[in-house]
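Colleague: Structure file model-v5.pdb (PDB, N, CA and C atoms) is given on the next line.
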```pdb
ATOM      1  N   ILE A  19     -33.707 -22.590   8.523  1.00  0.00           N
ATOM      2  CA  ILE A  19     -33.682 -21.490   7.577  1.00  0.00           C
ATOM      3  C   ILE A  19     -32.260 -20.931   7.536  1.00  0.00           C
ATOM      4  N   SER A  20     -31.783 -20.767   6.335  1.00  0.00           N
ATOM      5  CA  SER A  20     -30.439 -20.244   6.136  1.00  0.00           C
ATOM      6  C   SER A  20     -30.488 -18.730   5.970  1.00  0.00           C
ATOM      7  N   ARG A  21     -29.796 -18.035   6.820  1.00  0.00           N
ATOM      8  CA  ARG A  21     -29.777 -16.570   6.770  1.00  0.00           C
ATOM      9  C   ARG A  21     -28.352 -16.100   7.056  1.00  0.00           C
ATOM     10  N   THR A  22     -27.909 -15.139   6.250  1.00  0.00           N
ATOM     11  CA  THR A  22     -26.614 -14.514   6.464  1.00  0.00           C
ATOM     12  C   THR A  22     -26.849 -13.034   6.710  1.00  0.00           C
ATOM     13  N   ILE A  23     -26.240 -12.497   7.757  1.00  0.00           N
ATOM     14  CA  ILE A  23     -26.372 -11.082   8.075  1.00  0.00           C
ATOM     15  C   ILE A  23     -24.991 -10.449   8.007  1.00  0.00           C
ATOM     16  N   LYS A  24     -24.891  -9.411   7.184  1.00  0.00           N
ATOM     17  CA  LYS A  24     -23.627  -8.699   7.025  1.00  0.00           C
ATOM     18  C   LYS A  24     -23.806  -7.279   7.551  1.00  0.00           C
ATOM     19  N   ASN A  25     -22.957  -6.880   8.475  1.00  0.00           N
ATOM     20  CA  ASN A  25     -22.994  -5.536   9.038  1.00  0.00           C
ATOM     21  C   ASN A  25     -21.876  -4.697   8.437  1.00  0.00           C
ATOM     22  N   GLU A  26     -22.193  -3.425   8.148  1.00  0.00           N
ATOM     23  CA  GLU A  26     -21.204  -2.504   7.580  1.00  0.00           C
ATOM     24  C   GLU A  26     -20.522  -3.135   6.363  1.00  0.00           C
ATOM     25  N   GLN A  27     -21.327  -3.722   5.496  1.00  0.00           N
ATOM     26  CA  GLN A  27     -20.811  -4.432   4.324  1.00  0.00           C
ATOM     27  C   GLN A  27     -20.465  -3.448   3.217  1.00  0.00           C
ATOM     28  N   GLU A  28     -19.281  -3.605   2.634  1.00  0.00           N
ATOM     29  CA  GLU A  28     -18.853  -2.726   1.558  1.00  0.00           C
ATOM     30  C   GLU A  28     -19.104  -3.374   0.200  1.00  0.00           C
ATOM     31  N   PHE A  29     -19.646  -2.566  -0.722  1.00  0.00           N
ATOM     32  CA  PHE A  29     -19.881  -2.965  -2.097  1.00  0.00           C
ATOM     33  C   PHE A  29     -19.382  -1.834  -2.992  1.00  0.00           C
ATOM     34  N   THR A  30     -19.149  -2.130  -4.249  1.00  0.00           N
ATOM     35  CA  THR A  30     -18.808  -1.079  -5.212  1.00  0.00           C
ATOM     36  C   THR A  30     -19.885  -1.024  -6.278  1.00  0.00           C
ATOM     37  N   ASP A  31     -20.153   0.191  -6.754  1.00  0.00           N
ATOM     38  CA  ASP A  31     -21.115   0.347  -7.838  1.00  0.00           C
ATOM     39  C   ASP A  31     -20.391   0.204  -9.183  1.00  0.00           C
ATOM     40  N   ALA A  32     -21.116   0.374 -10.276  1.00  0.00           N
ATOM     41  CA  ALA A  32     -20.554   0.191 -11.614  1.00  0.00           C
ATOM     42  C   ALA A  32     -19.432   1.186 -11.912  1.00  0.00           C
ATOM     43  N   MET A  33     -19.429   2.320 -11.217  1.00  0.00           N
ATOM     44  CA  MET A  33     -18.399   3.344 -11.422  1.00  0.00           C
ATOM     45  C   MET A  33     -17.179   3.131 -10.520  1.00  0.00           C
ATOM     46  N   GLY A  34     -17.234   2.100  -9.691  1.00  0.00           N
ATOM     47  CA  GLY A  34     -16.122   1.811  -8.795  1.00  0.00           C
ATOM     48  C   GLY A  34     -16.180   2.545  -7.467  1.00  0.00           C
ATOM     49  N   ASN A  35     -17.291   3.231  -7.194  1.00  0.00           N
ATOM     50  CA  ASN A  35     -17.450   3.927  -5.916  1.00  0.00           C
ATOM     51  C   ASN A  35     -17.711   2.922  -4.798  1.00  0.00           C
ATOM     52  N   LEU A  36     -17.042   3.115  -3.694  1.00  0.00           N
ATOM     53  CA  LEU A  36     -17.205   2.234  -2.540  1.00  0.00           C
ATOM     54  C   LEU A  36     -18.396   2.697  -1.712  1.00  0.00           C
ATOM     55  N   LEU A  37     -19.318   1.784  -1.439  1.00  0.00           N
ATOM     56  CA  LEU A  37     -20.516   2.083  -0.650  1.00  0.00           C
ATOM     57  C   LEU A  37     -20.568   1.125   0.531  1.00  0.00           C
ATOM     58  N   ARG A  38     -20.877   1.655   1.702  1.00  0.00           N
ATOM     59  CA  ARG A  38     -20.962   0.823   2.899  1.00  0.00           C
ATOM     60  C   ARG A  38     -22.418   0.764   3.353  1.00  0.00           C
ATOM     61  N   MET A  39     -22.984  -0.419   3.267  1.00  0.00           N
ATOM     62  CA  MET A  39     -24.376  -0.634   3.658  1.00  0.00           C
ATOM     63  C   MET A  39     -24.408  -1.042   5.130  1.00  0.00           C
ATOM     64  N   ASP A  40     -25.326  -0.433   5.893  1.00  0.00           N
ATOM     65  CA  ASP A  40     -25.385  -0.688   7.338  1.00  0.00           C
ATOM     66  C   ASP A  40     -25.617  -2.163   7.640  1.00  0.00           C
ATOM     67  N   ARG A  41     -26.630  -2.749   7.013  1.00  0.00           N
ATOM     68  CA  ARG A  41     -26.926  -4.161   7.245  1.00  0.00           C
ATOM     69  C   ARG A  41     -27.534  -4.767   5.993  1.00  0.00           C
ATOM     70  N   VAL A  42     -27.030  -5.940   5.613  1.00  0.00           N
ATOM     71  CA  VAL A  42     -27.564  -6.692   4.488  1.00  0.00           C
ATOM     72  C   VAL A  42     -27.931  -8.075   5.015  1.00  0.00           C
ATOM     73  N   ILE A  43     -29.208  -8.433   4.839  1.00  0.00           N
ATOM     74  CA  ILE A  43     -29.718  -9.716   5.329  1.00  0.00           C
ATOM     75  C   ILE A  43     -30.037 -10.569   4.105  1.00  0.00           C
ATOM     76  N   ILE A  44     -29.340 -11.691   3.996  1.00  0.00           N
ATOM     77  CA  ILE A  44     -29.477 -12.554   2.827  1.00  0.00           C
ATOM     78  C   ILE A  44     -30.206 -13.829   3.242  1.00  0.00           C
ATOM     79  N   ASP A  45     -31.395 -14.015   2.667  1.00  0.00           N
ATOM     80  CA  ASP A  45     -32.194 -15.212   2.900  1.00  0.00           C
ATOM     81  C   ASP A  45     -32.232 -16.032   1.613  1.00  0.00           C
ATOM     82  N   LYS A  46     -32.897 -17.160   1.664  1.00  0.00           N
ATOM     83  CA  LYS A  46     -32.956 -18.069   0.510  1.00  0.00           C
ATOM     84  C   LYS A  46     -33.501 -17.382  -0.740  1.00  0.00           C
ATOM     85  N   ASP A  47     -34.599 -16.651  -0.618  1.00  0.00           N
ATOM     86  CA  ASP A  47     -35.258 -16.058  -1.781  1.00  0.00           C
ATOM     87  C   ASP A  47     -35.218 -14.536  -1.811  1.00  0.00           C
ATOM     88  N   SER A  48     -34.624 -13.904  -0.792  1.00  0.00           N
ATOM     89  CA  SER A  48     -34.654 -12.447  -0.745  1.00  0.00           C
ATOM     90  C   SER A  48     -33.398 -11.881  -0.091  1.00  0.00           C
ATOM     91  N   VAL A  49     -33.186 -10.603  -0.371  1.00  0.00           N
ATOM     92  CA  VAL A  49     -32.117  -9.841   0.266  1.00  0.00           C
ATOM     93  C   VAL A  49     -32.749  -8.552   0.781  1.00  0.00           C
ATOM     94  N   THR A  50     -32.479  -8.211   2.033  1.00  0.00           N
ATOM     95  CA  THR A  50     -32.987  -6.973   2.618  1.00  0.00           C
ATOM     96  C   THR A  50     -31.809  -6.111   3.023  1.00  0.00           C
ATOM     97  N   VAL A  51     -31.837  -4.860   2.579  1.00  0.00           N
ATOM     98  CA  VAL A  51     -30.816  -3.904   3.000  1.00  0.00           C
ATOM     99  C   VAL A  51     -31.472  -2.937   3.972  1.00  0.00           C
ATOM    100  N   MET A  52     -30.803  -2.741   5.113  1.00  0.00           N
ATOM    101  CA  MET A  52     -31.312  -1.823   6.134  1.00  0.00           C
ATOM    102  C   MET A  52     -30.328  -0.687   6.320  1.00  0.00           C
ATOM    103  N   ASP A  53     -30.877   0.510   6.433  1.00  0.00           N
ATOM    104  CA  ASP A  53     -30.063   1.684   6.691  1.00  0.00           C
ATOM    105  C   ASP A  53     -30.589   2.323   7.970  1.00  0.00           C
ATOM    106  N   PHE A  54     -29.706   2.584   8.906  1.00  0.00           N
ATOM    107  CA  PHE A  54     -30.100   3.139  10.194  1.00  0.00           C
ATOM    108  C   PHE A  54     -29.851   4.637  10.201  1.00  0.00           C
ATOM    109  N   LYS A  55     -30.857   5.403  10.630  1.00  0.00           N
ATOM    110  CA  LYS A  55     -30.768   6.861  10.667  1.00  0.00           C
ATOM    111  C   LYS A  55     -31.152   7.361  12.050  1.00  0.00           C
ATOM    112  N   THR A  56     -30.552   8.482  12.441  1.00  0.00           N
ATOM    113  CA  THR A  56     -30.910   9.125  13.687  1.00  0.00           C
ATOM    114  C   THR A  56     -31.447  10.519  13.379  1.00  0.00           C
ATOM    115  N   GLY A  57     -32.147  11.090  14.309  1.00  0.00           N
ATOM    116  CA  GLY A  57     -32.673  12.434  14.129  1.00  0.00           C
ATOM    117  C   GLY A  57     -34.019  12.437  13.439  1.00  0.00           C
ATOM    118  N   LYS A  58     -34.385  13.602  12.925  1.00  0.00           N
ATOM    119  CA  LYS A  58     -35.687  13.776  12.309  1.00  0.00           C
ATOM    120  C   LYS A  58     -35.768  13.103  10.956  1.00  0.00           C
ATOM    121  N   ARG A  59     -36.951  12.691  10.621  1.00  0.00           N
ATOM    122  CA  ARG A  59     -37.190  11.912   9.425  1.00  0.00           C
ATOM    123  C   ARG A  59     -37.515  12.778   8.211  1.00  0.00           C
ATOM    124  N   GLU A  60     -38.304  13.806   8.371  1.00  0.00           N
ATOM    125  CA  GLU A  60     -38.886  14.532   7.243  1.00  0.00           C
ATOM    126  C   GLU A  60     -37.860  15.228   6.358  1.00  0.00           C
ATOM    127  N   ALA A  61     -36.880  15.864   6.953  1.00  0.00           N
ATOM    128  CA  ALA A  61     -35.965  16.728   6.216  1.00  0.00           C
ATOM    129  C   ALA A  61     -35.192  15.992   5.123  1.00  0.00           C
ATOM    130  N   GLU A  62     -34.759  14.806   5.399  1.00  0.00           N
ATOM    131  CA  GLU A  62     -33.888  14.087   4.468  1.00  0.00           C
ATOM    132  C   GLU A  62     -34.481  12.794   3.919  1.00  0.00           C
ATOM    133  N   GLU A  63     -35.737  12.544   4.154  1.00  0.00           N
ATOM    134  CA  GLU A  63     -36.280  11.226   3.805  1.00  0.00           C
ATOM    135  C   GLU A  63     -36.142  10.899   2.323  1.00  0.00           C
ATOM    136  N   ASN A  64     -36.380  11.855   1.431  1.00  0.00           N
ATOM    137  CA  ASN A  64     -36.237  11.572   0.002  1.00  0.00           C
ATOM    138  C   ASN A  64     -34.803  11.195  -0.355  1.00  0.00           C
ATOM    139  N   ASN A  65     -33.839  11.879   0.252  1.00  0.00           N
ATOM    140  CA  ASN A  65     -32.433  11.531   0.015  1.00  0.00           C
ATOM    141  C   ASN A  65     -32.116  10.142   0.547  1.00  0.00           C
ATOM    142  N   TYR A  66     -32.660   9.818   1.723  1.00  0.00           N
ATOM    143  CA  TYR A  66     -32.441   8.493   2.297  1.00  0.00           C
ATOM    144  C   TYR A  66     -33.006   7.414   1.381  1.00  0.00           C
ATOM    145  N   LYS A  67     -34.202   7.659   0.839  1.00  0.00           N
ATOM    146  CA  LYS A  67     -34.832   6.672  -0.054  1.00  0.00           C
ATOM    147  C   LYS A  67     -34.015   6.495  -1.326  1.00  0.00           C
ATOM    148  N   ARG A  68     -33.528   7.581  -1.901  1.00  0.00           N
ATOM    149  CA  ARG A  68     -32.698   7.479  -3.112  1.00  0.00           C
ATOM    150  C   ARG A  68     -31.422   6.693  -2.831  1.00  0.00           C
ATOM    151  N   GLN A  69     -30.813   6.954  -1.677  1.00  0.00           N
ATOM    152  CA  GLN A  69     -29.605   6.237  -1.298  1.00  0.00           C
ATOM    153  C   GLN A  69     -29.890   4.739  -1.183  1.00  0.00           C
ATOM    154  N   LEU A  70     -30.980   4.399  -0.527  1.00  0.00           N
ATOM    155  CA  LEU A  70     -31.324   2.997  -0.335  1.00  0.00           C
ATOM    156  C   LEU A  70     -31.669   2.333  -1.671  1.00  0.00           C
ATOM    157  N   GLN A  71     -32.350   3.042  -2.552  1.00  0.00           N
ATOM    158  CA  GLN A  71     -32.660   2.493  -3.873  1.00  0.00           C
ATOM    159  C   GLN A  71     -31.387   2.220  -4.671  1.00  0.00           C
ATOM    160  N   LYS A  72     -30.400   3.054  -4.510  1.00  0.00           N
ATOM    161  CA  LYS A  72     -29.100   2.815  -5.156  1.00  0.00           C
ATOM    162  C   LYS A  72     -28.486   1.525  -4.630  1.00  0.00           C
ATOM    163  N   TYR A  73     -28.535   1.345  -3.312  1.00  0.00           N
ATOM    164  CA  TYR A  73     -28.035   0.107  -2.711  1.00  0.00           C
ATOM    165  C   TYR A  73     -28.799  -1.096  -3.251  1.00  0.00           C
ATOM    166  N   MET A  74     -30.113  -0.951  -3.358  1.00  0.00           N
ATOM    167  CA  MET A  74     -30.957  -2.058  -3.805  1.00  0.00           C
ATOM    168  C   MET A  74     -30.637  -2.445  -5.247  1.00  0.00           C
ATOM    169  N   LYS A  75     -30.360  -1.476  -6.097  1.00  0.00           N
ATOM    170  CA  LYS A  75     -29.999  -1.768  -7.491  1.00  0.00           C
ATOM    171  C   LYS A  75     -28.685  -2.544  -7.564  1.00  0.00           C
ATOM    172  N   ILE A  76     -27.728  -2.164  -6.735  1.00  0.00           N
ATOM    173  CA  ILE A  76     -26.455  -2.888  -6.685  1.00  0.00           C
ATOM    174  C   ILE A  76     -26.683  -4.325  -6.235  1.00  0.00           C
ATOM    175  N   LEU A  77     -27.491  -4.502  -5.196  1.00  0.00           N
ATOM    176  CA  LEU A  77     -27.764  -5.850  -4.703  1.00  0.00           C
ATOM    177  C   LEU A  77     -28.518  -6.689  -5.726  1.00  0.00           C
ATOM    178  N   LYS A  78     -29.386  -6.064  -6.516  1.00  0.00           N
ATOM    179  CA  LYS A  78     -30.127  -6.798  -7.555  1.00  0.00           C
ATOM    180  C   LYS A  78     -29.167  -7.340  -8.608  1.00  0.00           C
ATOM    181  N   GLU A  79     -28.106  -6.582  -8.906  1.00  0.00           N
ATOM    182  CA  GLU A  79     -27.101  -7.069  -9.849  1.00  0.00           C
ATOM    183  C   GLU A  79     -26.319  -8.249  -9.273  1.00  0.00           C
ATOM    184  N   ILE A  80     -26.057  -8.201  -7.986  1.00  0.00           N
ATOM    185  CA  ILE A  80     -25.291  -9.265  -7.333  1.00  0.00           C
ATOM    186  C   ILE A  80     -26.155 -10.503  -7.093  1.00  0.00           C
ATOM    187  N   TYR A  81     -27.429 -10.288  -6.753  1.00  0.00           N
ATOM    188  CA  TYR A  81     -28.365 -11.375  -6.443  1.00  0.00           C
ATOM    189  C   TYR A  81     -29.575 -11.287  -7.383  1.00  0.00           C
ATOM    190  N   PRO A  82     -29.400 -11.561  -8.677  1.00  0.00           N
ATOM    191  CA  PRO A  82     -30.489 -11.361  -9.648  1.00  0.00           C
ATOM    192  C   PRO A  82     -31.698 -12.272  -9.433  1.00  0.00           C
ATOM    193  N   ASP A  83     -31.517 -13.408  -8.783  1.00  0.00           N
ATOM    194  CA  ASP A  83     -32.611 -14.358  -8.588  1.00  0.00           C
ATOM    195  C   ASP A  83     -33.382 -14.140  -7.289  1.00  0.00           C
ATOM    196  N   LYS A  84     -33.008 -13.132  -6.520  1.00  0.00           N
ATOM    197  CA  LYS A  84     -33.661 -12.883  -5.235  1.00  0.00           C
ATOM    198  C   LYS A  84     -34.454 -11.578  -5.292  1.00  0.00           C
ATOM    199  N   SER A  85     -35.525 -11.511  -4.515  1.00  0.00           N
ATOM    200  CA  SER A  85     -36.240 -10.240  -4.385  1.00  0.00           C
ATOM    201  C   SER A  85     -35.429  -9.345  -3.449  1.00  0.00           C
ATOM    202  N   ILE A  86     -35.448  -8.058  -3.735  1.00  0.00           N
ATOM    203  CA  ILE A  86     -34.658  -7.096  -2.969  1.00  0.00           C
ATOM    204  C   ILE A  86     -35.603  -6.176  -2.207  1.00  0.00           C
ATOM    205  N   ASN A  87     -35.373  -6.058  -0.905  1.00  0.00           N
ATOM    206  CA  ASN A  87     -36.198  -5.217  -0.034  1.00  0.00           C
ATOM    207  C   ASN A  87     -35.326  -4.150   0.612  1.00  0.00           C
ATOM    208  N   GLY A  88     -35.929  -3.001   0.883  1.00  0.00           N
ATOM    209  CA  GLY A  88     -35.198  -1.929   1.548  1.00  0.00           C
ATOM    210  C   GLY A  88     -35.955  -1.427   2.764  1.00  0.00           C
ATOM    211  N   VAL A  89     -35.216  -1.147   3.839  1.00  0.00           N
ATOM    212  CA  VAL A  89     -35.812  -0.654   5.079  1.00  0.00           C
ATOM    213  C   VAL A  89     -34.925   0.457   5.639  1.00  0.00           C
ATOM    214  N   ILE A  90     -35.553   1.587   5.935  1.00  0.00           N
ATOM    215  CA  ILE A  90     -34.869   2.652   6.663  1.00  0.00           C
ATOM    216  C   ILE A  90     -35.385   2.586   8.098  1.00  0.00           C
ATOM    217  N   ALA A  91     -34.476   2.422   9.044  1.00  0.00           N
ATOM    218  CA  ALA A  91     -34.848   2.355  10.454  1.00  0.00           C
ATOM    219  C   ALA A  91     -34.437   3.656  11.126  1.00  0.00           C
ATOM    220  N   TYR A  92     -35.435   4.395  11.594  1.00  0.00           N
ATOM    221  CA  TYR A  92     -35.188   5.641  12.311  1.00  0.00           C
ATOM    222  C   TYR A  92     -35.048   5.298  13.792  1.00  0.00           C
ATOM    223  N   VAL A  93     -33.818   5.211  14.245  1.00  0.00           N
ATOM    224  CA  VAL A  93     -33.512   4.706  15.576  1.00  0.00           C
ATOM    225  C   VAL A  93     -34.146   5.571  16.664  1.00  0.00           C
ATOM    226  N   ASP A  94     -33.975   6.884  16.580  1.00  0.00           N
ATOM    227  CA  ASP A  94     -34.493   7.779  17.620  1.00  0.00           C
ATOM    228  C   ASP A  94     -36.017   7.786  17.675  1.00  0.00           C
ATOM    229  N   LEU A  95     -36.642   7.613  16.519  1.00  0.00           N
ATOM    230  CA  LEU A  95     -38.099   7.683  16.439  1.00  0.00           C
ATOM    231  C   LEU A  95     -38.769   6.326  16.646  1.00  0.00           C
ATOM    232  N   VAL A  96     -37.987   5.258  16.640  1.00  0.00           N
ATOM    233  CA  VAL A  96     -38.480   3.889  16.726  1.00  0.00           C
ATOM    234  C   VAL A  96     -39.526   3.663  15.623  1.00  0.00           C
ATOM    235  N   GLU A  97     -39.137   3.996  14.401  1.00  0.00           N
ATOM    236  CA  GLU A  97     -39.999   3.831  13.231  1.00  0.00           C
ATOM    237  C   GLU A  97     -39.191   3.227  12.095  1.00  0.00           C
ATOM    238  N   VAL A  98     -39.901   2.575  11.181  1.00  0.00           N
ATOM    239  CA  VAL A  98     -39.267   2.076   9.969  1.00  0.00           C
ATOM    240  C   VAL A  98     -40.049   2.562   8.754  1.00  0.00           C
ATOM    241  N   SER A  99     -39.333   2.664   7.647  1.00  0.00           N
ATOM    242  CA  SER A  99     -39.932   3.040   6.373  1.00  0.00           C
ATOM    243  C   SER A  99     -39.468   2.018   5.344  1.00  0.00           C
ATOM    244  N   PHE A 100     -40.401   1.449   4.607  1.00  0.00           N
ATOM    245  CA  PHE A 100     -40.065   0.453   3.605  1.00  0.00           C
ATOM    246  C   PHE A 100     -39.864   1.132   2.265  1.00  0.00           C
ATOM    247  N   VAL A 101     -38.854   0.697   1.531  1.00  0.00           N
ATOM    248  CA  VAL A 101     -38.488   1.310   0.259  1.00  0.00           C
ATOM    249  C   VAL A 101     -38.534   0.231  -0.823  1.00  0.00           C
ATOM    250  N   SER A 102     -39.051   0.596  -1.979  1.00  0.00           N
ATOM    251  CA  SER A 102     -39.064  -0.329  -3.108  1.00  0.00           C
ATOM    252  C   SER A 102     -38.340   0.309  -4.280  1.00  0.00           C
ATOM    253  N   LEU A 103     -37.951  -0.531  -5.209  1.00  0.00           N
ATOM    254  CA  LEU A 103     -37.271  -0.032  -6.420  1.00  0.00           C
ATOM    255  C   LEU A 103     -38.249   0.610  -7.366  1.00  0.00           C
TER     256      LEU A 103
END
```
Let me see the file written as structure tokens.

Modeller:
Amino acid sequence: ISRTIKNEQEFTDAMGNLLRMDRVIIDKDSVTVMDFKTGKREAEENNYKRQLQKYMKILKEIYPDKSINGVIAYVDLVEVSFVSL
């Protein structure tokens, strides 16, 4: 199985803004972007999801033939949250 993992990968959006994604995992048919968070989950979760969805839209433009998945990993809580477009 061919898999590429990019850590702290930088991408630019359509406006030229530089965005640094924590981890991007590129497989044959899919791309998964992971964002790592510390601290409490509830206070900022909606903002985290919006941020990840923005990353996912950028990746969909770069990898139009692959499915795009999003994961927020709450390191302190040992929990994950899956995000969709």

Colleague: May I have the protein, DNA and RNA residues with any atom at most 8 Å from the point (-35.8, -16.7, 2.9), counting all atoms listed in the file, written as a PDB file with N, CA and C atoms, in the frame of the given file?

Modeller:
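Heads up, here's the output in point.pdb:
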```
ATOM      1  N   ILE A  19     -33.707 -22.590   8.523  1.00  0.00           N
ATOM      2  CA  ILE A  19     -33.682 -21.490   7.577  1.00  0.00           C
ATOM      3  C   ILE A  19     -32.260 -20.931   7.536  1.00  0.00           C
ATOM      4  N   SER A  20     -31.783 -20.767   6.335  1.00  0.00           N
ATOM      5  CA  SER A  20     -30.439 -20.244   6.136  1.00  0.00           C
ATOM      6  C   SER A  20     -30.488 -18.730   5.970  1.00  0.00           C
ATOM      7  N   ARG A  21     -29.796 -18.035   6.820  1.00  0.00           N
ATOM      8  CA  ARG A  21     -29.777 -16.570   6.770  1.00  0.00           C
ATOM      9  C   ARG A  21     -28.352 -16.100   7.056  1.00  0.00           C
ATOM     10  N   ILE A  44     -29.340 -11.691   3.996  1.00  0.00           N
ATOM     11  CA  ILE A  44     -29.477 -12.554   2.827  1.00  0.00           C
ATOM     12  C   ILE A  44     -30.206 -13.829   3.242  1.00  0.00           C
ATOM     13  N   ASP A  45     -31.395 -14.015   2.667  1.00  0.00           N
ATOM     14  CA  ASP A  45     -32.194 -15.212   2.900  1.00  0.00           C
ATOM     15  C   ASP A  45     -32.232 -16.032   1.613  1.00  0.00           C
ATOM     16  N   LYS A  46     -32.897 -17.160   1.664  1.00  0.00           N
ATOM     17  CA  LYS A  46     -32.956 -18.069   0.510  1.00  0.00           C
ATOM     18  C   LYS A  46     -33.501 -17.382  -0.740  1.00  0.00           C
ATOM     19  N   ASP A  47     -34.599 -16.651  -0.618  1.00  0.00           N
ATOM     20  CA  ASP A  47     -35.258 -16.058  -1.781  1.00  0.00           C
ATOM     21  C   ASP A  47     -35.218 -14.536  -1.811  1.00  0.00           C
ATOM     22  N   SER A  48     -34.624 -13.904  -0.792  1.00  0.00           N
ATOM     23  CA  SER A  48     -34.654 -12.447  -0.745  1.00  0.00           C
ATOM     24  C   SER A  48     -33.398 -11.881  -0.091  1.00  0.00           C
ATOM     25  N   VAL A  49     -33.186 -10.603  -0.371  1.00  0.00           N
ATOM     26  CA  VAL A  49     -32.117  -9.841   0.266  1.00  0.00           C
ATOM     27  C   VAL A  49     -32.749  -8.552   0.781  1.00  0.00           C
TER      28      VAL A  49
END
```

Colleague: Leaving out Leu95 in chain A and any residue of its chain fewer than 4 positions from it, which residues lie within 8 Å of it when counting all atoms listed in the file, given as a PyMOL selection string?

Modeller: chain A and resi 55-59+91

Colleague: May I have the selected residues written with N, CA and C atoms, as an mmCIF file, keeping the file's coordinate frame?

Modeller:
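Contents of selection.cif, as written:
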```cif
data_model
loop_
_atom_site.group_PDB
_atom_site.id
_atom_site.type_symbol
_atom_site.label_atom_id
_atom_site.label_comp_id
_atom_site.auth_asym_id
_atom_site.auth_seq_id
_atom_site.Cartn_x
_atom_site.Cartn_y
_atom_site.Cartn_z
ATOM 1 N N LYS A 55 -30.857 5.403 10.630
ATOM 2 C CA LYS A 55 -30.768 6.861 10.667
ATOM 3 C C LYS A 55 -31.152 7.361 12.050
ATOM 4 N N THR A 56 -30.552 8.482 12.441
ATOM 5 C CA THR A 56 -30.910 9.125 13.687
ATOM 6 C C THR A 56 -31.447 10.519 13.379
ATOM 7 N N GLY A 57 -32.147 11.090 14.309
ATOM 8 C CA GLY A 57 -32.673 12.434 14.129
ATOM 9 C C GLY A 57 -34.019 12.437 13.439
ATOM 10 N N LYS A 58 -34.385 13.602 12.925
ATOM 11 C CA LYS A 58 -35.687 13.776 12.309
ATOM 12 C C LYS A 58 -35.768 13.103 10.956
ATOM 13 N N ARG A 59 -36.951 12.691 10.621
ATOM 14 C CA ARG A 59 -37.190 11.912 9.425
ATOM 15 C C ARG A 59 -37.515 12.778 8.211
ATOM 16 N N ALA A 91 -34.476 2.422 9.044
ATOM 17 C CA ALA A 91 -34.848 2.355 10.454
ATOM 18 C C ALA A 91 -34.437 3.656 11.126
#
```

Colleague: Extract, using only N, CA and C atoms, all DNA, RNA and protein residues at most 8 Å from Leu103 in chain A, discarding same-chain residues fewer than 6 positions from it, and format them as a PyMOL selection string.

Modeller: chain A and resi 70-72+74-75+86-88

Colleague: When DSSP works through the backbone of this structure, what residues of chain A end up as strand (DSSP E or B), shown as a PyMOL selection string?

Modeller: chain A and resi 22-30+36-44+48-55+85-92+97-101

Colleague: Do you know which residues the PyMOL selection byres ((chain A and resi 32-43) around 8) returns on this file, as a tab-separated table (two decimals) with N, CA and C atoms, keeping the file's coordinate frame?

Modeller:
```
chain	number	residue	atom	x	y	z
A	21	ARG	N	-29.80	-18.04	6.82
A	21	ARG	CA	-29.78	-16.57	6.77
A	21	ARG	C	-28.35	-16.10	7.06
A	22	THR	N	-27.91	-15.14	6.25
A	22	THR	CA	-26.61	-14.51	6.46
A	22	THR	C	-26.85	-13.03	6.71
A	23	ILE	N	-26.24	-12.50	7.76
A	23	ILE	CA	-26.37	-11.08	8.07
A	23	ILE	C	-24.99	-10.45	8.01
A	24	LYS	N	-24.89	-9.41	7.18
A	24	LYS	CA	-23.63	-8.70	7.02
A	24	LYS	C	-23.81	-7.28	7.55
A	25	ASN	N	-22.96	-6.88	8.48
A	25	ASN	CA	-22.99	-5.54	9.04
A	25	ASN	C	-21.88	-4.70	8.44
A	26	GLU	N	-22.19	-3.42	8.15
A	26	GLU	CA	-21.20	-2.50	7.58
A	26	GLU	C	-20.52	-3.14	6.36
A	27	GLN	N	-21.33	-3.72	5.50
A	27	GLN	CA	-20.81	-4.43	4.32
A	27	GLN	C	-20.46	-3.45	3.22
A	28	GLU	N	-19.28	-3.60	2.63
A	28	GLU	CA	-18.85	-2.73	1.56
A	28	GLU	C	-19.10	-3.37	0.20
A	29	PHE	N	-19.65	-2.57	-0.72
A	29	PHE	CA	-19.88	-2.96	-2.10
A	29	PHE	C	-19.38	-1.83	-2.99
A	30	THR	N	-19.15	-2.13	-4.25
A	30	THR	CA	-18.81	-1.08	-5.21
A	30	THR	C	-19.89	-1.02	-6.28
A	31	ASP	N	-20.15	0.19	-6.75
A	31	ASP	CA	-21.12	0.35	-7.84
A	31	ASP	C	-20.39	0.20	-9.18
A	44	ILE	N	-29.34	-11.69	4.00
A	44	ILE	CA	-29.48	-12.55	2.83
A	44	ILE	C	-30.21	-13.83	3.24
A	45	ASP	N	-31.40	-14.02	2.67
A	45	ASP	CA	-32.19	-15.21	2.90
A	45	ASP	C	-32.23	-16.03	1.61
A	46	LYS	N	-32.90	-17.16	1.66
A	46	LYS	CA	-32.96	-18.07	0.51
A	46	LYS	C	-33.50	-17.38	-0.74
A	48	SER	N	-34.62	-13.90	-0.79
A	48	SER	CA	-34.65	-12.45	-0.74
A	48	SER	C	-33.40	-11.88	-0.09
A	49	VAL	N	-33.19	-10.60	-0.37
A	49	VAL	CA	-32.12	-9.84	0.27
A	49	VAL	C	-32.75	-8.55	0.78
A	50	THR	N	-32.48	-8.21	2.03
A	50	THR	CA	-32.99	-6.97	2.62
A	50	THR	C	-31.81	-6.11	3.02
A	51	VAL	N	-31.84	-4.86	2.58
A	51	VAL	CA	-30.82	-3.90	3.00
A	51	VAL	C	-31.47	-2.94	3.97
A	52	MET	N	-30.80	-2.74	5.11
A	52	MET	CA	-31.31	-1.82	6.13
A	52	MET	C	-30.33	-0.69	6.32
A	53	ASP	N	-30.88	0.51	6.43
A	53	ASP	CA	-30.06	1.68	6.69
A	53	ASP	C	-30.59	2.32	7.97
A	54	PHE	N	-29.71	2.58	8.91
A	54	PHE	CA	-30.10	3.14	10.19
A	54	PHE	C	-29.85	4.64	10.20
A	73	TYR	N	-28.54	1.34	-3.31
A	73	TYR	CA	-28.04	0.11	-2.71
A	73	TYR	C	-28.80	-1.10	-3.25
A	76	ILE	N	-27.73	-2.16	-6.74
A	76	ILE	CA	-26.46	-2.89	-6.68
A	76	ILE	C	-26.68	-4.32	-6.24
```
